[in-house]
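J.: Quick one: this structure, given as structure tokens, is what I'll be asking you about.
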Number of protein chains: 2
Amino acid sequence: MRDLRPLLAPTSIAIVGASSRLNTVAARPLENLQMMEYGGALYPINPTAQEIAGIRCYPNLEELPEVPELALLVLPAQHVLPTLESCAQRGVKAAIVISAGFAETGSEGAQAQVKIREVAQRSGMVICGPNSLGVLNFVDRIPMTFGSVADMKDWPGGRVSLVSQSGGLLVGLANRAFDAGVNINYAVATGNEADLKLSETIHYLAEDPGTDVIVVIIEAIRNGPRFLSVCDRLLELGKPLIAYKLARSEKGKAAAQSHTGALAGSYPVLQAVFRQRGVIEAGDLDDLFALAGACAAGRFPTGPGFGVITESGGAGAITADRADDLGLTTATIGKDTAERLKEFVPQFAPEQVTNPFDVTSIIAQNPASVGSMAEAFFDDPAVGGLMVITAGSGEPGKARMQALLDPIQASKKPAFGVVLAGSSATPSYQLLRSNNIPAFHSPGKAVESMAALWHFARARERHKARCQSQEKTAASAANVKEALAGIGSAPTEYDAKRFLKQCGLLVVEERLAQSADQAVDHAKTLGYPVALKVQSPDIIHKTEVGGIRLNLDNAQAIETAYEEIMTGAKKAVPQANIAGMLVSRMVSTPLEFVAGIQVDPTFGPLILFGLGGIWVEVFDEAAMCPAPLIPDDVLEMVNQLRGAALLKGARNMPAVRPEEIQKLLLTLSEIALASQGLLSGIDINPLVPTEDGRLMALDASLFLSRDNS
Amino acid sequence: MRDLRPLLAPTSIAIVGASSRLNTVAARPLENLQMMEYGGALYPINPTAQEIAGIRCYPNLEELPEVPELALLVLPAQHVLPTLESCAQRGVKAAIVISAGFAETGSEGAQAQVKIREVAQRSGMVICGPNSLGVLNFVDRIPMTFGSVADMKDWPGGRVSLVSQSGGLLVGLANRAFDAGVNINYAVATGNEADLKLSETIHYLAEDPGTDVIVVIIEAIRNGPRFLSVCDRLLELGKPLIAYKLARSEKGKAAAQSHTGALAGSYPVLQAVFRQRGVIEAGDLDDLFALAGACAAGRFPTGPGFGVITESGGAGAITADRADDLGLTTATIGKDTAERLKEFVPQFAPEQVTNPFDVTSIIAQNPASVGSMAEAFFDDPAVGGLMVITAGSGEPGKARMQALLDPIQASKKPAFGVVLAGSSATPSYQLLRSNNIPAFHSPGKAVESMAALWHFARARERHKARCQSQEKTAASAANVKEALAGIGSAPTEYDAKRFLKQCGLLVVEERLAQSADQAVDHAKTLGYPVALKVQSPDIIHKTEVGGIRLNLDNAQAIETAYEEIMTGAKKAVPQANIAGMLVSRMVSTPLEFVAGIQVDPTFGPLILFGLGGIWVEVFDEAAMCPAPLIPDDVLEMVNQLRGAALLKGARNMPAVRPEEIQKLLLTLSEIALASQGLLSGIDINPLVPTEDGRLMALDASLFLSRDNS
């Protein structure tokens, strides 16, 4: 891992292309650094000026009295490359290229950008940008940016890092973090990422002892494997990564491409990565720092159930609603807890002592009682975390929160303060924040944050399990490679299913026939009715050439169908090389599934599983998960399907045994890993449940990588 | 409609049960009214005190020097009813019952509540509560509540009303409205709604010339028809209603019931009402006042496309993403517009002049240019509204927004300012707010508000069409009643389909057989294969008694099946009265739909349409819409289905003609209206597409109202 310290906290800075014209991109960085009283050496470089803003100006890098640690480039695009080469020669450790006019402008700019990367690779210099808004260091108070940071002096440094591929959002978000009581250490705009990528930046910050939480704005992940390994490292370190993804839609992608030249990949694939690796996805920019504040408290739920003490019954109902949406629950409290709580509400019937615990008038008359209530909740093993909701105005509101401080201190469970009032509850907010207790206005948003913490906690457990996983499947790597070796360059359906069978998966009983007579013989062996399907590497869409006949229930029907299929296929694709006719036992089922392997250009192989037939197309119901899978991933995938209930045997259909789903998907995972570079995908569609609860492939396609075909 | 002025702005107030013990529910209302220097007469009533807080106290209502306009009750529950009776006798016009201990505590409390309603009905007195937090009037500055309103003096009165069934949220929300620059006129907590209901309150405010927008927190709608007619009235008046629904989930409903005794109805039904009637639903409490602010500007989009001028390319991409989610679009700008915009970005290629219009450096160097850009966008007919996104810090940020004021003034289209920075952009915010221009921090939230305005605008158009609608369907009211009259008290499947046929709908060809021989005859007429289905009012689930046989393709098979079904049915339900055996032509289709009528206890009949088979159960894909429907409602229902594409003929299946879907659903709507009180539901499942693009009922059930059966 490269050392980014010279980029984030340079001891000396040269500003190449510095200008004295106020309010220009070229003038601002120096103004900002002077305003923040940067303590290191500052070298404006401009061949036509003697002095800028009272500081001596140099004509070029060569004439500086020392080699600056960082060069900040605010030059026109055509001067960027020679300047970087000169920086590299002189031994400058890091550069920020603010200049735009590269990949975002088209192919010529993209080529220039490749050369920037080459300079970095040759020299080891860290280059941030081009088209970067810059880097802000709030701990050492170094604003290396042309962004407007007039208020930066008021913003204390903290332990949350902000990395954005969109520079325009950077300063605004840093300000909003401050407003939300979340203090930033570094804010980095990676721009077009010629050299320094989002993943490397996150990786450095992950290892940085001054960083607890990382917030990222993602346009496109350029290095998938590195992003995956960084996510794993964050799980090991217990540092949450919070992400907002922009350029999700086609129009959004187009906007992003003209912005930083980024080719935004598949959003559903990225979401699958987030789910597996515990990345917390913010639904809106507005949510980023509520989530960051919740994470910064460093506490994670011990279970999906949480406790609610509320001064508003309505707010309590909201927590229950949102918990239901997000896979959490308002915990069913134990008998002991109910008895302890009953003391505070003698007028309640025992069955009225429930969670959410609605205590409007009690809290009003005795604010301190909320502390003892909290203790009762914390002691309950069914309670994984706690929310205390108050109306919150002024000093009375603060008194309620004051009573919570000791019990929260004594517990390790996450505890949130929800204060329904806004500005009039400032005393409550300040008290909560100064004690590092996450504070919210909205009960719904508090539940979203609790769900995010739980998502991260579970992903950490899964990561541990993944590291220890020694799952064996029928498909060893050697097996898979051997099975693949026997397949020609254009595998037919028959080849695909033979391959799957060799890898240990269940496929429908079938035989390849070379003549109508042989087809009839096979049908007798398999049992009527059967299906006939033409097999040819040259015919991909069999239905379109009339190449499939179903439900043939006697010899005559088979013979007729055989001839008709052959005639039709030869007419439609005269040069087709026909390997024969597949005779398969007919299996009818109202319920179809699909499974497969999809190789994403960024993240590599993902395993798919979902409902089949037309429904997968219309409802987009397939769950995806990056390989390798562990059993817990399979559980997550199944739970993610809205149709999961169908697997348990809806409408008198056979139930599928969970261990069979697991076997199927783990085998596909094994195949995906063993065949990397050889296979570009597998599509099993449909898969049908058998009477004994297994999943059987009725049809399958195998796609070889172009490099190898 | 009753006059709520005495409740909202009373000229004199008696506080019955007033106390001098600080920080109690009984002391607070007087403290609040004194703090706000209430100008009317104030009468504390307490038999044991001479004076409270310097004001003369009276032992009872009878001894007051005048009849107060409003009585505020802070008495123990058992004293409430006699006090209200005494108020009614004396001619008090309105009462707020803050006292709790009614329906929320169980059946005894619910009975006491019925008596409160009776007092109101007998006397005409308006009673708000019991279990109400009270009423706050920000225009005349009258806080009739025990809530803590210490900061109320700082909150200016406005034109947005707030009505909440949850009192605990009321004051906090009013404070947050103020923080968001949205000024409230009245805030009403309706509590348990013994007399005054949410719908009546909204109705009064709808007609109030001082109210432009209404924000409601809903636990349960108690009077569905009135709510529907109030929504219509708001559409006529052009006053948006913004709602947050709590108690959506089962746990949330349980929490609400112990809170205000409300039985929260079906959330999906309420959402169907919101969709049809243009009610704007907030996803979170946090979103309420962003939406209210957007509505308060009183401008509505002229189309689903909007323009974006943005200083951040990333923020532009976000608007495109969210537009895609919400059925809006970043407008495709016209050639003229592009040419006008090109002047500002001479370095751009013509194809780079797109919307979102990313103008980072131009705006920085020439803030005023944003005004001329806005004019170009406003002039484009494809642009229904405009968003201008800036980084926003300090005075430079304000300068960009200043340039927008005149162009916005000159246009009637909605225009939003999106300022990415937080507190450091206060000057921009203040400028926008003081000019009644909706302001946002988050581009995503701005798009949500634009979508809300568009939703309301479209609902207004639909409402106009509904008022003018003279749609004729095959099912006139007389027809429907005649068809219903011929049906016995326990209609079979055969009865249900005959009824539908009489109403003009297409049902599968079928005959009722009384013997195996007759069944064979019918099969010959209909054509093989056929299905046999036992018909008995005593057998509801035919499959469970083996009462259905499919795909019978010869006489022998029919005879055997007939006997087996009869034997099985008689064995399973010995006393069953068997009307015969339905012989239906077999129709096989991979695609099934469902349609029907569901009578909701709150809102009356709704029309359903969706995908059939197991999918409707698992995916919950049916769209609902309250009857009566107009053609636009049908379009909305179809668009709402994720599987809408299937209706256009997926996978070589016949496409369904839009006019046939319309005919089906409008006929069901006609049936629903003509059969009110007689039918409690119709379930057509499955409906299958025919070769000529119609929808044919294969099975149907008719449910009669219990009152009539």
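Following the order of the structure tokens, first chain is A, next is B, and so on, with residues numbered from 1 inside each chain and ligands from 1 in the order they appear.
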Quick one: which residues from chain A are at most 6 Å off chain B, using only C-alpha atoms, as a list in words?
T.: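 On the chain A side, the interface is Ser166, Gly168, Gly172, Asn175, Arg176, Leu246, Ala247, Arg248, Ser249, Lys251, Gly252, Ala255, Ala256, His259, Ser312, Gly313, Gly314, Ala317, Ile318, Ala320, Asp321, Leu420, Ala421, Gly422, Val618 and Gly643 of chain A.
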J.: If you run DSSP over the backbone, which residues in stretch 212-449 of chain A end up strand (DSSP E)? Put them as a PyMOL selection string.
T.: chain A and resi 213-218+241-245+280-281+305-310+329-330+357-358+386-390+415-419+439-440
J.: Quick one: DSSP alpha helix (DSSP H) residues in stretch 352-568 of chain A, as a compact mmCIF listing (two decimals) with N, CA and C atoms, in the first residue's frame?
T.:
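And here is the file that came out, out_35.txt:
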```
# COMPACT_ATOMS: atom_id res chain seq x y z
N THR A 360 -45.51 8.88 28.14
CA THR A 360 -45.65 10.32 27.98
C THR A 360 -45.63 11.10 29.30
N SER A 361 -46.59 10.79 30.18
CA SER A 361 -46.74 11.66 31.36
C SER A 361 -45.68 11.35 32.42
N ILE A 362 -45.22 10.09 32.48
CA ILE A 362 -44.22 9.75 33.50
C ILE A 362 -42.93 10.53 33.27
N ILE A 363 -42.48 10.56 32.03
CA ILE A 363 -41.24 11.27 31.74
C ILE A 363 -41.40 12.76 32.02
N ALA A 364 -42.58 13.29 31.71
CA ALA A 364 -42.79 14.73 31.93
C ALA A 364 -42.66 15.06 33.41
N GLN A 365 -43.21 14.18 34.25
CA GLN A 365 -43.19 14.48 35.69
C GLN A 365 -41.89 14.07 36.35
N SER A 369 -36.45 9.31 35.63
CA SER A 369 -36.87 7.92 35.58
C SER A 369 -36.44 7.24 34.28
N VAL A 370 -36.22 8.02 33.24
CA VAL A 370 -35.87 7.43 31.95
C VAL A 370 -34.54 6.68 32.04
N GLY A 371 -33.67 7.10 32.95
CA GLY A 371 -32.39 6.41 33.12
C GLY A 371 -32.59 5.00 33.62
N SER A 372 -33.46 4.83 34.62
CA SER A 372 -33.71 3.49 35.16
C SER A 372 -34.43 2.62 34.15
N MET A 373 -35.31 3.23 33.39
CA MET A 373 -35.97 2.46 32.32
C MET A 373 -34.93 1.94 31.33
N ALA A 374 -34.00 2.81 30.96
CA ALA A 374 -32.96 2.42 30.00
C ALA A 374 -32.17 1.24 30.55
N GLU A 375 -31.85 1.28 31.84
CA GLU A 375 -31.08 0.18 32.44
C GLU A 375 -31.83 -1.14 32.29
N ALA A 376 -33.15 -1.09 32.55
CA ALA A 376 -33.95 -2.31 32.42
C ALA A 376 -33.88 -2.85 30.99
N PHE A 377 -33.98 -1.96 30.03
CA PHE A 377 -33.90 -2.39 28.62
C PHE A 377 -32.51 -2.97 28.31
N PHE A 378 -31.47 -2.26 28.71
CA PHE A 378 -30.11 -2.73 28.39
C PHE A 378 -29.87 -4.13 28.95
N ASP A 379 -30.44 -4.41 30.14
CA ASP A 379 -30.19 -5.71 30.78
C ASP A 379 -30.92 -6.86 30.09
N GLY A 394 -35.98 22.60 24.76
CA GLY A 394 -35.28 23.36 25.81
C GLY A 394 -34.64 22.54 26.91
N GLU A 395 -34.56 23.13 28.09
CA GLU A 395 -33.89 22.48 29.22
C GLU A 395 -34.65 21.25 29.71
N PRO A 396 -36.02 21.26 29.72
CA PRO A 396 -36.71 20.03 30.15
C PRO A 396 -36.33 18.84 29.24
N GLY A 397 -36.22 19.10 27.96
CA GLY A 397 -35.81 18.04 27.04
C GLY A 397 -34.42 17.54 27.40
N LYS A 398 -33.54 18.46 27.69
CA LYS A 398 -32.17 18.10 28.03
C LYS A 398 -32.12 17.24 29.29
N ALA A 399 -33.00 17.56 30.26
CA ALA A 399 -33.00 16.81 31.52
C ALA A 399 -33.26 15.33 31.28
N ARG A 400 -34.15 15.02 30.34
CA ARG A 400 -34.43 13.62 30.02
C ARG A 400 -33.18 12.93 29.48
N MET A 401 -32.47 13.62 28.61
CA MET A 401 -31.30 13.03 28.00
C MET A 401 -30.15 12.92 29.01
N GLN A 402 -30.08 13.90 29.90
CA GLN A 402 -29.06 13.87 30.95
C GLN A 402 -29.16 12.57 31.75
N LEU A 405 -27.25 9.46 30.38
CA LEU A 405 -25.81 9.39 30.14
C LEU A 405 -25.14 8.24 30.88
N ASP A 406 -25.41 8.10 32.17
CA ASP A 406 -24.75 7.04 32.94
C ASP A 406 -25.14 5.64 32.47
N PRO A 407 -26.45 5.37 32.32
CA PRO A 407 -26.81 4.03 31.84
C PRO A 407 -26.19 3.71 30.48
N ILE A 408 -26.13 4.70 29.60
CA ILE A 408 -25.54 4.43 28.28
C ILE A 408 -24.05 4.16 28.44
N GLN A 409 -23.41 4.94 29.27
CA GLN A 409 -21.98 4.75 29.53
C GLN A 409 -21.71 3.33 30.04
N ALA A 410 -22.61 2.85 30.88
CA ALA A 410 -22.40 1.54 31.52
C ALA A 410 -22.70 0.37 30.58
N THR A 426 -32.07 22.30 20.79
CA THR A 426 -30.61 22.39 20.68
C THR A 426 -29.88 21.93 21.94
N PRO A 427 -30.36 22.28 23.15
CA PRO A 427 -29.64 21.79 24.34
C PRO A 427 -29.55 20.26 24.38
N SER A 428 -30.63 19.57 24.03
CA SER A 428 -30.59 18.10 24.01
C SER A 428 -29.55 17.61 23.01
N TYR A 429 -29.59 18.19 21.82
CA TYR A 429 -28.66 17.78 20.77
C TYR A 429 -27.22 17.94 21.19
N GLN A 430 -26.94 19.11 21.75
CA GLN A 430 -25.56 19.37 22.12
C GLN A 430 -25.10 18.38 23.19
N LEU A 431 -25.98 18.10 24.14
CA LEU A 431 -25.61 17.15 25.20
C LEU A 431 -25.32 15.77 24.60
N LEU A 432 -26.21 15.32 23.72
CA LEU A 432 -26.03 13.99 23.11
C LEU A 432 -24.72 13.94 22.32
N ARG A 433 -24.50 14.95 21.50
CA ARG A 433 -23.31 14.93 20.65
C ARG A 433 -22.03 15.01 21.45
N SER A 434 -22.05 15.83 22.50
CA SER A 434 -20.81 15.96 23.26
C SER A 434 -20.52 14.66 24.01
N PRO A 443 -37.85 9.39 14.15
CA PRO A 443 -37.78 8.00 14.64
C PRO A 443 -37.49 7.03 13.50
N GLY A 444 -38.04 7.32 12.32
CA GLY A 444 -37.81 6.43 11.17
C GLY A 444 -36.35 6.39 10.79
N LYS A 445 -35.71 7.55 10.78
CA LYS A 445 -34.30 7.61 10.41
C LYS A 445 -33.43 6.93 11.47
N ALA A 446 -33.85 7.02 12.73
CA ALA A 446 -33.11 6.32 13.78
C ALA A 446 -33.15 4.80 13.53
N VAL A 447 -34.30 4.30 13.14
CA VAL A 447 -34.40 2.86 12.86
C VAL A 447 -33.53 2.50 11.65
N GLU A 448 -33.52 3.36 10.64
CA GLU A 448 -32.66 3.09 9.49
C GLU A 448 -31.20 2.98 9.91
N SER A 449 -30.78 3.84 10.83
CA SER A 449 -29.39 3.78 11.29
C SER A 449 -29.14 2.52 12.11
N MET A 450 -30.12 2.15 12.93
CA MET A 450 -29.96 0.91 13.71
C MET A 450 -29.83 -0.28 12.75
N ALA A 451 -30.63 -0.25 11.69
CA ALA A 451 -30.57 -1.33 10.70
C ALA A 451 -29.21 -1.35 10.01
N ALA A 452 -28.65 -0.16 9.76
CA ALA A 452 -27.34 -0.09 9.13
C ALA A 452 -26.27 -0.70 10.04
N LEU A 453 -26.34 -0.39 11.32
CA LEU A 453 -25.37 -0.95 12.27
C LEU A 453 -25.50 -2.47 12.33
N TRP A 454 -26.72 -2.95 12.28
CA TRP A 454 -26.96 -4.39 12.34
C TRP A 454 -26.46 -5.07 11.07
N HIS A 455 -26.68 -4.42 9.94
CA HIS A 455 -26.17 -4.92 8.66
C HIS A 455 -24.64 -5.09 8.73
N PHE A 456 -23.98 -4.09 9.28
CA PHE A 456 -22.52 -4.14 9.38
C PHE A 456 -22.09 -5.25 10.35
N ALA A 457 -22.78 -5.34 11.48
CA ALA A 457 -22.42 -6.35 12.49
C ALA A 457 -22.56 -7.76 11.90
N ARG A 458 -23.64 -7.98 11.14
CA ARG A 458 -23.83 -9.31 10.56
C ARG A 458 -22.80 -9.60 9.48
N ALA A 459 -22.46 -8.58 8.71
CA ALA A 459 -21.45 -8.79 7.66
C ALA A 459 -20.10 -9.13 8.29
N ARG A 460 -19.81 -8.57 9.46
CA ARG A 460 -18.56 -8.93 10.15
C ARG A 460 -18.57 -10.40 10.53
N GLU A 461 -19.70 -10.87 11.03
CA GLU A 461 -19.80 -12.30 11.39
C GLU A 461 -19.64 -13.16 10.15
N ARG A 462 -20.30 -12.76 9.08
CA ARG A 462 -20.18 -13.55 7.85
C ARG A 462 -18.75 -13.55 7.33
N HIS A 463 -18.08 -12.41 7.49
CA HIS A 463 -16.70 -12.35 7.03
C HIS A 463 -15.82 -13.32 7.80
N LYS A 464 -16.04 -13.37 9.11
CA LYS A 464 -15.28 -14.35 9.93
C LYS A 464 -15.54 -15.75 9.42
N ALA A 465 -16.81 -16.04 9.20
CA ALA A 465 -17.18 -17.38 8.72
C ALA A 465 -16.54 -17.66 7.36
N ARG A 466 -16.49 -16.64 6.52
CA ARG A 466 -15.91 -16.82 5.18
C ARG A 466 -14.43 -17.15 5.28
N CYS A 467 -13.74 -16.47 6.22
CA CYS A 467 -12.32 -16.72 6.38
C CYS A 467 -12.06 -18.13 6.88
N GLN A 468 -12.97 -18.64 7.68
CA GLN A 468 -12.76 -19.98 8.25
C GLN A 468 -13.39 -21.06 7.39
N ALA A 477 -11.93 -27.90 -7.79
CA ALA A 477 -11.37 -27.14 -8.90
C ALA A 477 -10.88 -28.08 -10.00
N ALA A 478 -10.26 -29.18 -9.61
CA ALA A 478 -9.71 -30.12 -10.59
C ALA A 478 -10.83 -30.72 -11.43
N ASN A 479 -11.89 -31.13 -10.71
CA ASN A 479 -13.10 -31.64 -11.35
C ASN A 479 -13.64 -30.69 -12.41
N VAL A 480 -13.80 -29.44 -12.00
CA VAL A 480 -14.39 -28.43 -12.88
C VAL A 480 -13.53 -28.28 -14.12
N LYS A 481 -12.23 -28.20 -13.91
CA LYS A 481 -11.34 -27.99 -15.05
C LYS A 481 -11.36 -29.19 -15.98
N GLU A 482 -11.43 -30.38 -15.39
CA GLU A 482 -11.48 -31.58 -16.21
C GLU A 482 -12.77 -31.60 -17.04
N ALA A 483 -13.88 -31.26 -16.36
CA ALA A 483 -15.17 -31.25 -17.06
C ALA A 483 -15.18 -30.22 -18.18
N LEU A 484 -14.57 -29.08 -17.92
CA LEU A 484 -14.52 -28.02 -18.93
C LEU A 484 -13.68 -28.43 -20.13
N ALA A 485 -12.61 -29.18 -19.85
CA ALA A 485 -11.68 -29.56 -20.90
C ALA A 485 -12.36 -30.38 -21.99
N GLU A 493 -26.68 -27.15 -25.44
CA GLU A 493 -27.43 -27.40 -24.20
C GLU A 493 -27.00 -28.73 -23.58
N TYR A 494 -26.85 -29.72 -24.44
CA TYR A 494 -26.46 -31.06 -23.96
C TYR A 494 -25.10 -31.00 -23.27
N ASP A 495 -24.15 -30.29 -23.90
CA ASP A 495 -22.83 -30.13 -23.30
C ASP A 495 -22.93 -29.44 -21.94
N ALA A 496 -23.75 -28.39 -21.89
CA ALA A 496 -23.87 -27.60 -20.66
C ALA A 496 -24.38 -28.47 -19.52
N LYS A 497 -25.39 -29.30 -19.83
CA LYS A 497 -25.95 -30.13 -18.75
C LYS A 497 -25.01 -31.27 -18.36
N ARG A 498 -24.29 -31.82 -19.35
CA ARG A 498 -23.30 -32.85 -19.00
C ARG A 498 -22.25 -32.26 -18.06
N PHE A 499 -21.85 -31.03 -18.38
CA PHE A 499 -20.87 -30.35 -17.54
C PHE A 499 -21.40 -30.20 -16.11
N LEU A 500 -22.64 -29.73 -16.01
CA LEU A 500 -23.21 -29.50 -14.67
C LEU A 500 -23.31 -30.82 -13.92
N LYS A 501 -23.66 -31.89 -14.64
CA LYS A 501 -23.79 -33.21 -14.02
C LYS A 501 -22.43 -33.68 -13.51
N GLN A 502 -21.40 -33.46 -14.31
CA GLN A 502 -20.05 -33.86 -13.88
C GLN A 502 -19.63 -33.08 -12.65
N ALA A 516 -34.16 -40.58 -35.76
CA ALA A 516 -35.50 -40.67 -35.19
C ALA A 516 -35.67 -41.99 -34.45
N ASP A 517 -35.14 -43.08 -34.99
CA ASP A 517 -35.26 -44.38 -34.34
C ASP A 517 -34.60 -44.37 -32.97
N GLN A 518 -33.41 -43.76 -32.94
CA GLN A 518 -32.69 -43.70 -31.67
C GLN A 518 -33.46 -42.84 -30.67
N ALA A 519 -34.10 -41.80 -31.18
CA ALA A 519 -34.92 -40.93 -30.30
C ALA A 519 -36.06 -41.74 -29.69
N VAL A 520 -36.70 -42.60 -30.50
CA VAL A 520 -37.79 -43.42 -29.99
C VAL A 520 -37.25 -44.39 -28.93
N ASP A 521 -36.09 -44.98 -29.20
CA ASP A 521 -35.48 -45.88 -28.20
C ASP A 521 -35.22 -45.16 -26.88
N HIS A 522 -34.65 -43.96 -27.01
CA HIS A 522 -34.37 -43.19 -25.79
C HIS A 522 -35.65 -42.89 -25.03
N ALA A 523 -36.71 -42.54 -25.79
CA ALA A 523 -37.97 -42.20 -25.14
C ALA A 523 -38.51 -43.39 -24.37
N LYS A 524 -38.35 -44.60 -24.93
CA LYS A 524 -38.80 -45.80 -24.22
C LYS A 524 -38.04 -45.96 -22.92
N THR A 525 -36.76 -45.71 -22.98
CA THR A 525 -35.93 -45.83 -21.77
C THR A 525 -36.32 -44.78 -20.73
N LEU A 526 -36.51 -43.55 -21.20
CA LEU A 526 -36.77 -42.45 -20.27
C LEU A 526 -38.22 -42.46 -19.76
N ALA A 555 -44.36 -43.05 -30.23
CA ALA A 555 -43.26 -43.18 -31.19
C ALA A 555 -43.55 -42.39 -32.46
N GLN A 556 -44.79 -42.48 -32.91
CA GLN A 556 -45.15 -41.78 -34.15
C GLN A 556 -44.92 -40.27 -34.02
N ALA A 557 -45.37 -39.75 -32.86
CA ALA A 557 -45.22 -38.31 -32.63
C ALA A 557 -43.74 -37.93 -32.64
N ILE A 558 -42.91 -38.79 -32.07
CA ILE A 558 -41.47 -38.50 -32.04
C ILE A 558 -40.89 -38.49 -33.45
N GLU A 559 -41.27 -39.50 -34.20
CA GLU A 559 -40.71 -39.59 -35.55
C GLU A 559 -41.08 -38.36 -36.39
N THR A 560 -42.36 -37.99 -36.32
CA THR A 560 -42.81 -36.81 -37.07
C THR A 560 -42.07 -35.56 -36.61
N ALA A 561 -42.02 -35.39 -35.28
CA ALA A 561 -41.38 -34.19 -34.73
C ALA A 561 -39.91 -34.14 -35.14
N TYR A 562 -39.25 -35.29 -35.10
CA TYR A 562 -37.83 -35.35 -35.44
C TYR A 562 -37.60 -34.79 -36.84
N GLU A 563 -38.40 -35.31 -37.76
CA GLU A 563 -38.21 -34.90 -39.16
C GLU A 563 -38.53 -33.41 -39.33
N GLU A 564 -39.62 -32.98 -38.69
CA GLU A 564 -40.01 -31.58 -38.84
C GLU A 564 -38.95 -30.63 -38.26
N ILE A 565 -38.42 -31.02 -37.12
CA ILE A 565 -37.40 -30.16 -36.51
C ILE A 565 -36.18 -30.06 -37.43
N MET A 566 -35.74 -31.21 -37.94
CA MET A 566 -34.56 -31.24 -38.79
C MET A 566 -34.78 -30.38 -40.04
N THR A 567 -35.94 -30.55 -40.65
CA THR A 567 -36.25 -29.78 -41.86
C THR A 567 -36.24 -28.28 -41.56
N GLY A 568 -36.93 -27.93 -40.46
CA GLY A 568 -37.03 -26.52 -40.08
C GLY A 568 -35.66 -25.92 -39.78
```
J.: Calculated over only C-alpha atoms, which of the candidates B:Thr83, B:Ser20, B:Asn183, B:Asn223 has the smallest distance to B:Ala296?
T.: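 Checking each candidate against B:Ala296, we get B:Asn183 as the closest.
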J.: Determine, counting only C-alpha atoms, which protein, DNA and RNA residues have an atom within 8 Å of an atom of B:Ala292; residues of the same chain fewer than 2 positions away are not included. Present the result as a PyMOL selection string.
T.: chain B and resi 160+182+213-215+242+288-290+294-296
J.: Which of these residues is nearest to A:Ala513, using only C-alpha atoms: A:Ala531, A:Ala49, A:Leu291, A:Leu70?
T.: A:Ala531
J.: Pick from A:Ala382, A:Val573, A:Leu698, A:Val353: nearest to A:Glu592, with only C-alpha atoms counted?
T.: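 That would be A:Leu698, the residue with the smallest distance to A:Glu592.
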J.: Can you work out the spacing between atom CA of A:Leu73 and atom CA of A:Thr201 in Å, to one decimal?
T.: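 Atom CA of A:Thr201 lies at a distance of 19.5 Å from atom CA of A:Leu73.
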J.: Could you work out how far atom CA of A:Glu509 lies from atom CA of A:Met696, giving the answer in Å with one decimal?
T.: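 Atom CA of A:Glu509 lies 9.6 Å from atom CA of A:Met696.
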J.: I'd like the neighbourhood of A:Ile202 as a list in words, where a residue qualifies if any of its atoms comes within 9 Å (using only C-alpha atoms), though same-chain residues fewer than 5 positions away should be ignored.
T.: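 In the requested form, the answer reads Ser161, Val163, Lys197, Glu207, Ile214, Val216, Phe227, Val230, Cys231 and Leu241 of chain A.
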J.: Report, in Å with one decimal, the straight-line distance from atom CA of A:Ile116 to atom CA of A:Leu84.
T.: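 Distance reported for this atom pair: 7.6 Å.
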J.: Return the single residue from B:Val688, B:Ile607, B:Leu702, B:Ala189 that is closest to B:Ala623, with distances computed using only C-alpha atoms.
T.: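 Of B:Val688, B:Ile607, B:Leu702, B:Ala189, the one nearest B:Ala623 is B:Ile607, counting only C-alpha atoms.
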J.: Mind checking which residues fall within 10 Å of A:Arg122, counting only C-alpha atoms, ignoring those fewer than 5 positions away in the same chain, and posting them as a list in words?
T.: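 Once the adjacent positions are removed, what remains is Glu85, Ala88 and Arg117 of chain A.
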J.: Got a sec: who's within 9 Å of stretch 64-66 of chain B, counting only C-alpha atoms, leaving out chain neighbours fewer than 6 positions off, as a list in words?
T.: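 Here the answer would be Ala14, Tyr43, Ile45 and Tyr58 of chain B.
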